[in-house]
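Next comes structure-v2.cif, with mmCIF, C-alpha atoms.
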data_my_file
#
loop_
_atom_site.group_PDB
_atom_site.id
_atom_site.type_symbol
_atom_site.label_atom_id
_atom_site.label_comp_id
_atom_site.auth_asym_id
_atom_site.auth_seq_id
_atom_site.Cartn_x
_atom_site.Cartn_y
_atom_site.Cartn_z
ATOM 1 C CA MET G 1 -29.941 26.577 -24.420
ATOM 2 C CA ILE G 2 -32.305 23.941 -25.725
ATOM 3 C CA ALA G 3 -30.908 20.476 -26.366
ATOM 4 C CA ALA G 4 -31.348 19.192 -29.925
ATOM 5 C CA ARG G 5 -33.756 16.464 -28.869
ATOM 6 C CA SER G 6 -35.856 19.047 -27.016
ATOM 7 C CA LYS G 7 -36.320 21.417 -29.954
ATOM 8 C CA PRO G 8 -39.317 19.641 -31.470
ATOM 9 C CA VAL G 9 -40.924 19.454 -28.021
ATOM 10 C CA PHE G 10 -40.301 23.164 -27.503
ATOM 11 C CA VAL G 11 -41.673 24.345 -30.862
ATOM 12 C CA ILE G 12 -44.716 22.055 -30.781
ATOM 13 C CA THR G 13 -45.576 23.015 -27.204
ATOM 14 C CA PHE G 14 -44.934 26.687 -27.906
ATOM 15 C CA ALA G 15 -47.256 26.752 -30.920
ATOM 16 C CA ALA G 16 -50.056 24.996 -29.044
ATOM 17 C CA ALA G 17 -49.665 26.887 -25.757
ATOM 18 C CA TYR G 18 -49.347 30.228 -27.507
ATOM 19 C CA ALA G 19 -52.606 29.725 -29.411
ATOM 20 C CA ILE G 20 -54.499 28.708 -26.271
ATOM 21 C CA LEU G 21 -53.024 31.513 -24.170
ATOM 22 C CA TYR G 22 -53.777 34.015 -26.913
ATOM 23 C CA VAL G 23 -57.485 33.217 -27.140
ATOM 24 C CA VAL G 24 -57.736 33.140 -23.325
ATOM 25 C CA SER G 25 -55.918 36.499 -23.135
ATOM 26 C CA VAL G 26 -58.343 38.010 -25.627
ATOM 27 C CA GLN G 27 -61.466 36.559 -24.027
ATOM 28 C CA TYR G 28 -60.533 37.506 -20.472
ATOM 29 C CA ASN G 29 -58.437 40.559 -21.429
ATOM 30 C CA LEU G 30 -55.206 39.425 -19.799
ATOM 31 C CA ALA G 31 -52.986 41.963 -21.552
ATOM 32 C CA LEU G 32 -49.537 42.355 -20.054
ATOM 33 C CA PHE G 33 -49.669 46.026 -20.945
ATOM 34 C CA THR G 34 -52.003 48.562 -22.508
ATOM 35 C CA TYR G 35 -51.206 51.126 -25.177
ATOM 36 C CA HIS G 36 -53.158 54.364 -25.299
ATOM 37 C CA ALA G 37 -52.774 55.395 -28.924
ATOM 38 C CA ALA G 38 -54.043 58.950 -28.561
ATOM 39 C CA THR G 39 -51.544 59.860 -25.847
ATOM 40 C CA GLU G 40 -48.874 57.375 -27.042
ATOM 41 C CA GLU G 41 -48.473 55.939 -23.548
ATOM 42 C CA PHE G 42 -47.836 52.399 -22.390
ATOM 43 C CA HIS G 43 -49.251 51.201 -19.073
ATOM 44 C CA PHE G 44 -48.547 47.975 -17.238
ATOM 45 C CA LEU G 45 -51.405 45.442 -17.272
ATOM 46 C CA VAL G 46 -54.958 46.294 -18.343
ATOM 47 C CA GLN G 47 -55.947 49.937 -18.145
ATOM 48 C CA PRO G 48 -59.309 51.306 -19.281
ATOM 49 C CA ALA G 49 -59.652 53.686 -22.205
ATOM 50 C CA ALA G 50 -58.733 57.233 -21.280
ATOM 51 C CA ASP G 51 -58.270 59.934 -23.912
ATOM 52 C CA GLY G 52 -59.062 57.733 -26.887
ATOM 53 C CA PRO G 53 -59.188 53.972 -27.231
ATOM 54 C CA ALA G 54 -57.051 51.574 -25.231
ATOM 55 C CA MET G 55 -55.165 49.003 -27.329
ATOM 56 C CA TYR G 56 -54.632 45.586 -25.784
ATOM 57 C CA TRP G 57 -53.398 43.612 -28.813
ATOM 58 C CA TYR G 58 -49.712 44.161 -28.047
ATOM 59 C CA GLY G 59 -50.304 43.133 -24.462
ATOM 60 C CA TRP G 60 -52.124 39.964 -25.516
ATOM 61 C CA LEU G 61 -49.151 39.077 -27.756
ATOM 62 C CA ALA G 62 -46.732 39.623 -24.872
ATOM 63 C CA THR G 63 -48.832 37.582 -22.431
ATOM 64 C CA SER G 64 -49.123 34.700 -24.898
ATOM 65 C CA ALA G 65 -45.455 34.745 -25.953
ATOM 66 C CA LEU G 66 -44.106 34.856 -22.411
ATOM 67 C CA GLY G 67 -46.536 32.252 -21.097
ATOM 68 C CA ALA G 68 -45.970 29.906 -24.030
ATOM 69 C CA SER G 69 -42.179 30.292 -23.730
ATOM 70 C CA ALA G 70 -42.357 29.309 -20.078
ATOM 71 C CA ILE G 71 -44.627 26.326 -20.730
ATOM 72 C CA ALA G 72 -42.533 25.170 -23.704
ATOM 73 C CA ALA G 73 -39.288 25.511 -21.740
ATOM 74 C CA LEU G 74 -40.702 23.514 -18.825
ATOM 75 C CA THR G 75 -42.061 20.836 -21.167
ATOM 76 C CA SER G 76 -38.772 20.518 -23.034
ATOM 77 C CA TRP G 77 -36.984 19.866 -19.743
ATOM 78 C CA LEU G 78 -39.200 16.888 -18.969
ATOM 79 C CA PRO G 79 -37.629 13.438 -19.453
ATOM 80 C CA SER G 80 -37.741 12.459 -23.106
ATOM 81 C CA ALA G 81 -39.731 9.332 -22.248
ATOM 82 C CA SER G 82 -42.680 11.500 -21.217
ATOM 83 C CA THR G 83 -42.625 13.678 -24.361
ATOM 84 C CA LYS G 84 -41.561 11.282 -27.104
ATOM 85 C CA ARG G 85 -45.182 10.636 -28.060
ATOM 86 C CA LEU G 86 -45.953 14.328 -28.427
ATOM 87 C CA TRP G 87 -47.909 14.671 -31.678
ATOM 88 C CA SER G 88 -46.343 17.183 -34.081
ATOM 89 C CA GLY G 89 -49.833 17.962 -35.352
ATOM 90 C CA LEU G 90 -50.496 19.928 -32.170
ATOM 91 C CA ALA G 91 -48.371 22.672 -33.712
ATOM 92 C CA TRP G 92 -50.985 23.264 -36.420
ATOM 93 C CA SER G 93 -54.218 21.765 -35.090
ATOM 94 C CA THR G 94 -54.349 23.943 -31.970
ATOM 95 C CA PRO G 95 -53.896 27.261 -33.830
ATOM 96 C CA LEU G 96 -56.358 26.062 -36.453
ATOM 97 C CA VAL G 97 -59.001 25.317 -33.827
ATOM 98 C CA VAL G 98 -58.331 28.692 -32.188
ATOM 99 C CA MET G 99 -58.793 30.415 -35.564
ATOM 100 C CA ILE G 100 -62.211 28.760 -35.842
ATOM 101 C CA VAL G 101 -62.990 29.832 -32.276
ATOM 102 C CA PHE G 102 -62.209 33.429 -33.246
ATOM 103 C CA VAL G 103 -64.571 33.205 -36.210
ATOM 104 C CA TYR G 104 -67.251 32.080 -33.754
ATOM 105 C CA ILE G 105 -66.391 34.788 -31.203
ATOM 106 C CA LEU G 106 -66.527 37.515 -33.860
ATOM 107 C CA ARG G 107 -69.567 36.173 -35.718
ATOM 108 C CA ARG G 108 -71.683 39.151 -34.614
ATOM 109 C CA TYR G 109 -69.779 41.364 -37.049
ATOM 110 C CA PHE G 110 -70.920 39.213 -39.960
ATOM 111 C CA MET G 111 -74.495 38.590 -38.836
ATOM 112 C CA GLN G 112 -75.724 42.160 -38.417
ATOM 113 C CA MET E 1 -44.155 58.884 -42.330
ATOM 114 C CA ILE E 2 -47.180 56.673 -41.701
ATOM 115 C CA VAL E 3 -47.981 56.621 -45.418
ATOM 116 C CA ALA E 4 -44.429 55.486 -46.191
ATOM 117 C CA LEU E 5 -44.697 52.748 -43.557
ATOM 118 C CA LEU E 6 -48.082 51.689 -44.931
ATOM 119 C CA ILE E 7 -46.628 51.404 -48.445
ATOM 120 C CA LEU E 8 -43.629 49.464 -47.132
ATOM 121 C CA HIS E 9 -46.004 47.212 -45.168
ATOM 122 C CA GLY E 10 -47.917 46.577 -48.403
ATOM 123 C CA LEU E 11 -44.765 45.869 -50.402
ATOM 124 C CA LEU E 12 -43.474 43.401 -47.824
ATOM 125 C CA ALA E 13 -46.895 41.768 -47.801
ATOM 126 C CA VAL E 14 -46.745 41.348 -51.591
ATOM 127 C CA ALA E 15 -43.324 39.678 -51.341
ATOM 128 C CA LEU E 16 -44.575 37.443 -48.522
ATOM 129 C CA LEU E 17 -47.718 36.598 -50.461
ATOM 130 C CA GLY E 18 -45.641 35.490 -53.450
ATOM 131 C CA ALA E 19 -43.231 33.438 -51.385
ATOM 132 C CA VAL E 20 -45.810 31.630 -49.283
ATOM 133 C CA THR E 21 -48.089 31.007 -52.278
ATOM 134 C CA HIS E 22 -45.214 29.477 -54.251
ATOM 135 C CA GLN E 23 -44.305 27.279 -51.309
ATOM 136 C CA ALA E 24 -47.882 26.200 -50.579
ATOM 137 C CA LEU E 25 -48.492 25.319 -54.224
ATOM 138 C CA SER E 26 -45.236 23.380 -54.473
ATOM 139 C CA VAL E 27 -46.146 21.389 -51.350
ATOM 140 C CA TRP E 28 -49.808 20.700 -52.082
ATOM 141 C CA LEU E 29 -49.733 20.594 -55.890
ATOM 142 C CA PRO E 30 -46.160 19.692 -56.857
ATOM 143 C CA ALA E 31 -45.349 19.743 -60.554
ATOM 144 C CA ARG E 32 -44.712 16.152 -61.619
ATOM 145 C CA LYS E 33 -42.717 16.766 -64.772
ATOM 146 C CA THR E 34 -40.655 19.496 -66.337
ATOM 147 C CA ALA E 35 -42.577 22.707 -65.914
ATOM 148 C CA SER E 36 -43.735 24.125 -69.210
ATOM 149 C CA SER E 37 -46.586 26.467 -68.337
ATOM 150 C CA PHE E 38 -46.656 29.492 -66.040
ATOM 151 C CA VAL E 39 -48.785 27.653 -63.477
ATOM 152 C CA ALA E 40 -46.572 24.571 -63.590
ATOM 153 C CA ARG E 41 -43.488 26.708 -62.999
ATOM 154 C CA MET E 42 -45.250 28.327 -60.030
ATOM 155 C CA ARG E 43 -45.804 24.838 -58.610
ATOM 156 C CA GLY E 44 -42.365 23.556 -59.519
ATOM 157 C CA VAL E 45 -40.254 25.660 -57.165
ATOM 158 C CA THR E 46 -38.028 24.241 -54.425
ATOM 159 C CA ALA E 47 -40.176 24.761 -51.332
ATOM 160 C CA THR E 48 -37.317 24.759 -48.845
ATOM 161 C CA SER E 49 -35.669 27.788 -50.443
ATOM 162 C CA TYR E 50 -38.549 30.000 -49.274
ATOM 163 C CA VAL E 51 -38.523 29.139 -45.573
ATOM 164 C CA ASN E 52 -36.162 31.760 -44.176
ATOM 165 C CA ALA E 53 -37.580 34.449 -46.454
ATOM 166 C CA ILE E 54 -41.118 33.650 -45.297
ATOM 167 C CA VAL E 55 -40.156 33.757 -41.611
ATOM 168 C CA VAL E 56 -38.346 37.090 -41.978
ATOM 169 C CA LEU E 57 -40.988 38.646 -44.220
ATOM 170 C CA TYR E 58 -43.823 37.497 -41.950
ATOM 171 C CA ALA E 59 -42.126 38.928 -38.868
ATOM 172 C CA LEU E 60 -41.241 42.208 -40.591
ATOM 173 C CA THR E 61 -44.695 42.622 -42.118
ATOM 174 C CA ALA E 62 -46.342 41.945 -38.756
ATOM 175 C CA LEU E 63 -43.954 44.357 -37.042
ATOM 176 C CA LEU E 64 -44.731 47.134 -39.506
ATOM 177 C CA GLY E 65 -48.429 46.359 -39.184
ATOM 178 C CA GLY E 66 -48.055 46.708 -35.429
ATOM 179 C CA ILE E 67 -46.354 50.077 -35.838
ATOM 180 C CA ILE E 68 -49.090 51.528 -38.057
ATOM 181 C CA TYR E 69 -51.919 49.831 -36.136
ATOM 182 C CA PRO E 70 -52.501 52.774 -33.717
ATOM 183 C CA THR E 71 -53.113 55.079 -36.683
ATOM 184 C CA TYR E 72 -55.687 52.615 -37.996
ATOM 185 C CA ARG E 73 -57.268 52.373 -34.557
ATOM 186 C CA LEU E 74 -57.595 56.145 -34.230
ATOM 187 C CA ASN E 75 -58.381 57.227 -37.793
ATOM 188 C CA VAL E 76 -60.027 54.299 -39.534
ATOM 189 C CA ARG E 77 -61.759 51.943 -37.146
ATOM 190 C CA ILE E 78 -63.741 54.660 -35.415
ATOM 191 C CA VAL E 79 -65.038 55.820 -38.792
ATOM 192 C CA LEU E 80 -65.919 52.248 -39.793
ATOM 193 C CA GLU E 81 -67.930 51.928 -36.601
ATOM 194 C CA GLN E 82 -69.684 55.242 -37.205
ATOM 195 C CA MET E 83 -70.519 54.140 -40.764
ATOM 196 C CA GLN E 84 -71.730 50.790 -39.369
ATOM 197 C CA LEU E 85 -69.412 48.879 -41.707
ATOM 198 C CA HIS E 86 -69.510 45.782 -39.548
ATOM 199 C CA VAL E 87 -68.144 43.248 -42.038
ATOM 200 C CA PRO E 88 -64.888 45.118 -42.854
ATOM 201 C CA ASN E 89 -64.483 45.863 -39.166
ATOM 202 C CA GLY E 90 -64.939 42.209 -38.250
ATOM 203 C CA ALA E 91 -62.657 41.114 -41.082
ATOM 204 C CA PHE E 92 -59.893 43.295 -39.639
ATOM 205 C CA GLU E 93 -60.514 41.914 -36.145
ATOM 206 C CA LEU E 94 -60.024 38.427 -37.590
ATOM 207 C CA LYS E 95 -56.907 39.631 -39.401
ATOM 208 C CA GLU E 96 -55.242 40.844 -36.219
ATOM 209 C CA HIS E 97 -55.995 37.584 -34.412
ATOM 210 C CA PHE E 98 -54.983 35.366 -37.344
ATOM 211 C CA VAL E 99 -51.696 37.247 -37.767
ATOM 212 C CA ALA E 100 -51.018 36.909 -34.040
ATOM 213 C CA LEU E 101 -51.646 33.152 -34.222
ATOM 214 C CA GLY E 102 -49.364 32.931 -37.254
ATOM 215 C CA LEU E 103 -46.561 34.510 -35.252
ATOM 216 C CA GLY E 104 -46.912 31.725 -32.707
ATOM 217 C CA MET E 105 -46.636 29.082 -35.443
ATOM 218 C CA LEU E 106 -43.454 30.498 -36.984
ATOM 219 C CA PRO E 107 -40.969 28.610 -34.739
ATOM 220 C CA ALA E 108 -42.658 25.281 -35.510
ATOM 221 C CA TYR E 109 -42.908 26.151 -39.211
ATOM 222 C CA TRP E 110 -39.207 27.021 -39.315
ATOM 223 C CA TYR E 111 -38.189 23.929 -37.355
ATOM 224 C CA PHE E 112 -40.164 21.435 -39.434
ATOM 225 C CA TRP E 113 -38.816 22.912 -42.682
ATOM 226 C CA ARG E 114 -35.205 22.653 -41.455
ATOM 227 C CA ALA E 115 -35.269 18.954 -42.208
ATOM 228 C CA PRO E 116 -37.543 18.679 -45.263
ATOM 229 C CA GLU E 117 -36.579 15.046 -45.810
ATOM 230 C CA ALA E 118 -38.136 14.029 -42.462
ATOM 231 C CA ILE E 119 -41.193 12.073 -43.614
ATOM 232 C CA GLU E 120 -42.751 12.001 -40.138
ATOM 233 C CA HIS E 121 -43.159 15.791 -40.233
ATOM 234 C CA ALA E 122 -44.366 16.065 -43.827
ATOM 235 C CA ARG E 123 -47.981 16.638 -42.840
ATOM 236 C CA ALA E 124 -47.064 19.216 -40.192
ATOM 237 C CA ARG E 125 -44.938 21.088 -42.756
ATOM 238 C CA ALA E 126 -47.674 21.040 -45.361
ATOM 239 C CA VAL E 127 -50.491 22.122 -43.026
ATOM 240 C CA LEU E 128 -48.438 24.827 -41.308
ATOM 241 C CA THR E 129 -47.560 26.205 -44.746
ATOM 242 C CA ALA E 130 -51.204 26.126 -45.834
ATOM 243 C CA ILE E 131 -52.394 27.884 -42.663
ATOM 244 C CA LEU E 132 -49.717 30.559 -43.003
ATOM 245 C CA ALA E 133 -50.668 31.014 -46.662
ATOM 246 C CA PHE E 134 -54.320 31.430 -45.671
ATOM 247 C CA ILE E 135 -53.408 33.978 -42.980
ATOM 248 C CA VAL E 136 -51.234 35.960 -45.376
ATOM 249 C CA TRP E 137 -53.919 35.973 -48.075
ATOM 250 C CA TRP E 138 -56.601 36.952 -45.553
ATOM 251 C CA GLY E 139 -54.443 39.744 -44.147
ATOM 252 C CA PHE E 140 -53.512 41.030 -47.582
ATOM 253 C CA LEU E 141 -57.054 41.088 -48.957
ATOM 254 C CA VAL E 142 -58.572 42.617 -45.821
ATOM 255 C CA GLY E 143 -55.845 45.253 -45.672
ATOM 256 C CA HIS E 144 -56.365 46.042 -49.345
ATOM 257 C CA VAL E 145 -60.147 46.361 -48.990
ATOM 258 C CA LEU E 146 -59.881 48.530 -45.870
ATOM 259 C CA ASN E 147 -57.356 50.760 -47.583
ATOM 260 C CA ASN E 148 -59.792 51.137 -50.455
ATOM 261 C CA ILE E 149 -62.601 52.033 -48.041
ATOM 262 C CA ARG E 150 -60.742 54.533 -45.950
ATOM 263 C CA GLY E 151 -56.990 54.580 -46.370
ATOM 264 C CA PHE E 152 -55.445 56.488 -43.521
ATOM 265 C CA ASP E 153 -57.439 59.672 -44.077
ATOM 266 C CA LEU E 154 -54.304 61.784 -43.917
#
As structure tokens:
Amino acid sequence: MIAARSKPVFVITFAAAYAILYVVSVQYNLALFTYHAATEEFHFLVQPAADGPAMYWYGWLATSALGASAIAALTSWLPSASTKRLWSGLAWSTPLVVMIVFVYILRRYFMQ
Amino acid sequence: MIVALLILHGLLAVALLGAVTHQALSVWLPARKTASSFVARMRGVTATSYVNAIVVLYALTALLGGIIYPTYRLNVRIVLEQMQLHVPNGAFELKEHFVALGLGMLPAYWYFWRAPEAIEHARARAVLTAILAFIVWWGFLVGHVLNNIRGFDL
């Protein structure tokens, strides 16, 4: 249960941590699980493509959501004095920066 | 079955597109007097009334997209690569990442809209709404274009 005063800390930290963990998960392929679409099989952690492509997107979501939940929960338990100056703009500026990072990462698709 | 899910995914996306566009317009370009024109009425809605609908529709649309994604990966993306259609392929890659980032923003979006009178969070509310609107529009247009290119080839 999250105390009322901790809710803004939790949601701000979650949004920021999730965005950072997501781009790191994608860049370093830290998927919590892999889905092989052709055989309809899930495998724990990253597995290479077998019969057909390996899908990591679901695993990246899981890694980011779990990691961000843990970070946000820990942050919301900190004394309020240490989090009262947490800027609410982190909840939108971090994902926005990560969106721009993805445009940069994927630029090769648009420059061929 | 996949075709039915794709159509449902599209219908939910249309509803989400309408809701988030209404809200974004009402936040960024609020109507200042009694709405008389179509555009003014679009801008003159009560933004807070869309919050729960947007959260639910976004989550449901993303969930359905996740369910039909393997079919896209097997039947569409491979063909796009073979046809060297790099721009649509890249646009979809951006879509999947943008949608994922939008999911992570939903708790903050919901929280900041719970108390719309809180002035200190006005900017966060407005920007989160604008980013979600951009993601929804990007996802809708890319999905529409890709469906026009290939559909599901069933």
Inset, instruction - Report the residues retrieved by the PyMOL selection byres ((chain G) within 10 of (chain E)) from the displayed file, expressed as a VMD selection string. - result: chain G and resid 7 to 20 22 to 23 26 35 to 38 40 52 to 55 57 to 58 60 to 61 64 to 65 68 87 to 96 98 to 100 102 to 103 105 to 112
Got time to write the residues from that selection, C-alpha atoms, as a PDB file, in the frame of the given file?
ATOM      1  CA  LYS G   7     -36.320  21.417 -29.954  1.00  0.00           C
ATOM      2  CA  PRO G   8     -39.317  19.641 -31.470  1.00  0.00           C
ATOM      3  CA  VAL G   9     -40.924  19.454 -28.021  1.00  0.00           C
ATOM      4  CA  PHE G  10     -40.301  23.164 -27.503  1.00  0.00           C
ATOM      5  CA  VAL G  11     -41.673  24.345 -30.862  1.00  0.00           C
ATOM      6  CA  ILE G  12     -44.716  22.055 -30.781  1.00  0.00           C
ATOM      7  CA  THR G  13     -45.576  23.015 -27.204  1.00  0.00           C
ATOM      8  CA  PHE G  14     -44.934  26.687 -27.906  1.00  0.00           C
ATOM      9  CA  ALA G  15     -47.256  26.752 -30.920  1.00  0.00           C
ATOM     10  CA  ALA G  16     -50.056  24.996 -29.044  1.00  0.00           C
ATOM     11  CA  ALA G  17     -49.665  26.887 -25.757  1.00  0.00           C
ATOM     12  CA  TYR G  18     -49.347  30.228 -27.507  1.00  0.00           C
ATOM     13  CA  ALA G  19     -52.606  29.725 -29.411  1.00  0.00           C
ATOM     14  CA  ILE G  20     -54.499  28.708 -26.271  1.00  0.00           C
ATOM     15  CA  TYR G  22     -53.777  34.015 -26.913  1.00  0.00           C
ATOM     16  CA  VAL G  23     -57.485  33.217 -27.140  1.00  0.00           C
ATOM     17  CA  VAL G  26     -58.343  38.010 -25.627  1.00  0.00           C
ATOM     18  CA  TYR G  35     -51.206  51.126 -25.177  1.00  0.00           C
ATOM     19  CA  HIS G  36     -53.158  54.364 -25.299  1.00  0.00           C
ATOM     20  CA  ALA G  37     -52.774  55.395 -28.924  1.00  0.00           C
ATOM     21  CA  ALA G  38     -54.043  58.950 -28.561  1.00  0.00           C
ATOM     22  CA  GLU G  40     -48.874  57.375 -27.042  1.00  0.00           C
ATOM     23  CA  GLY G  52     -59.062  57.733 -26.887  1.00  0.00           C
ATOM     24  CA  PRO G  53     -59.188  53.972 -27.231  1.00  0.00           C
ATOM     25  CA  ALA G  54     -57.051  51.574 -25.231  1.00  0.00           C
ATOM     26  CA  MET G  55     -55.165  49.003 -27.329  1.00  0.00           C
ATOM     27  CA  TRP G  57     -53.398  43.612 -28.813  1.00  0.00           C
ATOM     28  CA  TYR G  58     -49.712  44.161 -28.047  1.00  0.00           C
ATOM     29  CA  TRP G  60     -52.124  39.964 -25.516  1.00  0.00           C
ATOM     30  CA  LEU G  61     -49.151  39.077 -27.756  1.00  0.00           C
ATOM     31  CA  SER G  64     -49.123  34.700 -24.898  1.00  0.00           C
ATOM     32  CA  ALA G  65     -45.455  34.745 -25.953  1.00  0.00           C
ATOM     33  CA  ALA G  68     -45.970  29.906 -24.030  1.00  0.00           C
ATOM     34  CA  TRP G  87     -47.909  14.671 -31.678  1.00  0.00           C
ATOM     35  CA  SER G  88     -46.343  17.183 -34.081  1.00  0.00           C
ATOM     36  CA  GLY G  89     -49.833  17.962 -35.352  1.00  0.00           C
ATOM     37  CA  LEU G  90     -50.496  19.928 -32.170  1.00  0.00           C
ATOM     38  CA  ALA G  91     -48.371  22.672 -33.712  1.00  0.00           C
ATOM     39  CA  TRP G  92     -50.985  23.264 -36.420  1.00  0.00           C
ATOM     40  CA  SER G  93     -54.218  21.765 -35.090  1.00  0.00           C
ATOM     41  CA  THR G  94     -54.349  23.943 -31.970  1.00  0.00           C
ATOM     42  CA  PRO G  95     -53.896  27.261 -33.830  1.00  0.00           C
ATOM     43  CA  LEU G  96     -56.358  26.062 -36.453  1.00  0.00           C
ATOM     44  CA  VAL G  98     -58.331  28.692 -32.188  1.00  0.00           C
ATOM     45  CA  MET G  99     -58.793  30.415 -35.564  1.00  0.00           C
ATOM     46  CA  ILE G 100     -62.211  28.760 -35.842  1.00  0.00           C
ATOM     47  CA  PHE G 102     -62.209  33.429 -33.246  1.00  0.00           C
ATOM     48  CA  VAL G 103     -64.571  33.205 -36.210  1.00  0.00           C
ATOM     49  CA  ILE G 105     -66.391  34.788 -31.203  1.00  0.00           C
ATOM     50  CA  LEU G 106     -66.527  37.515 -33.860  1.00  0.00           C
ATOM     51  CA  ARG G 107     -69.567  36.173 -35.718  1.00  0.00           C
ATOM     52  CA  ARG G 108     -71.683  39.151 -34.614  1.00  0.00           C
ATOM     53  CA  TYR G 109     -69.779  41.364 -37.049  1.00  0.00           C
ATOM     54  CA  PHE G 110     -70.920  39.213 -39.960  1.00  0.00           C
ATOM     55  CA  MET G 111     -74.495  38.590 -38.836  1.00  0.00           C
ATOM     56  CA  GLN G 112     -75.724  42.160 -38.417  1.00  0.00           C
TER      57      GLN G 112
END
Inset, instruction - Determine the nearest neighbour of Leu66 of chain G from the options G:Leu32, G:Tyr104, G:Ser6, G:Gln27, counting only C-alpha atoms. - result: G:Leu32
Inset, instruction - Would you please work out which residue, of E:Val136, E:Val45, E:Ile119, E:Ile7, is nearest to Leu25 of chain E when using all atoms listed in the file? - result: E:Val45
Legend entry - Long-range neighbours of Val14 of chain E as a list in words, 10 Å cut-off, only C-alpha atoms, 6 positions minimum in chain: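 Contacts, with the query itself left out: Leu8, Leu57, Thr61, Val136, Trp137 and Phe140 of chain E.
Atom CA of Ala49 of chain G is positioned 12.6 Å from atom CA of Phe33 of chain G.
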Inset, instruction - Please measure the separation of atom CA of Ala31 of chain E and atom CA of Ser49 of chain E, giving the value in Å to one decimal. - result: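 About the pair atom CA of Ala31 of chain E and atom CA of Ser49 of chain E: they are 16.1 Å apart.
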Inset, instruction - Just give me the gap between atom CA of Leu45 of chain G and atom CA of Ala70 of chain G in Å, one decimal is fine. - result: 18.7 Å
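You can rank E:Ala115, E:Ala24, E:Leu80, E:Leu17 by their closest distance to Leu141 of chain E using all atoms listed in the file, and at the top of that list sits E:Leu17.
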Inset, instruction - Starting from the shown file, work through the PyMOL selection byres ((chain E and resi 6) around 10) and note down what comes out as a PyMOL selection string. - result: chain E and resi 1-5+7-12+64-65+67-69+147+151-152
I need the residue set behind the PyMOL selection byres ((chain G and resi 43) around 6) for this file; please write it as a short mmCIF file (atom, residue, chain, number, x, y, z; two decimals) with C-alpha atoms, in the coordinates of the input.
data_model
loop_
_atom_site.label_atom_id
_atom_site.label_comp_id
_atom_site.auth_asym_id
_atom_site.auth_seq_id
_atom_site.Cartn_x
_atom_site.Cartn_y
_atom_site.Cartn_z
CA PHE G 33 -49.67 46.03 -20.94
CA THR G 34 -52.00 48.56 -22.51
CA PHE G 42 -47.84 52.40 -22.39
CA PHE G 44 -48.55 47.98 -17.24
#
Edge lengths and centre in Å, axis-aligned, segment 55-71 of chain E plus 6 Å each side, as AutoDock Vina command-line options:
--center_x -45.7 --center_y 44.4 --center_z -39.0 --size_x 26.8 --size_y 33.3 --size_z 22.5
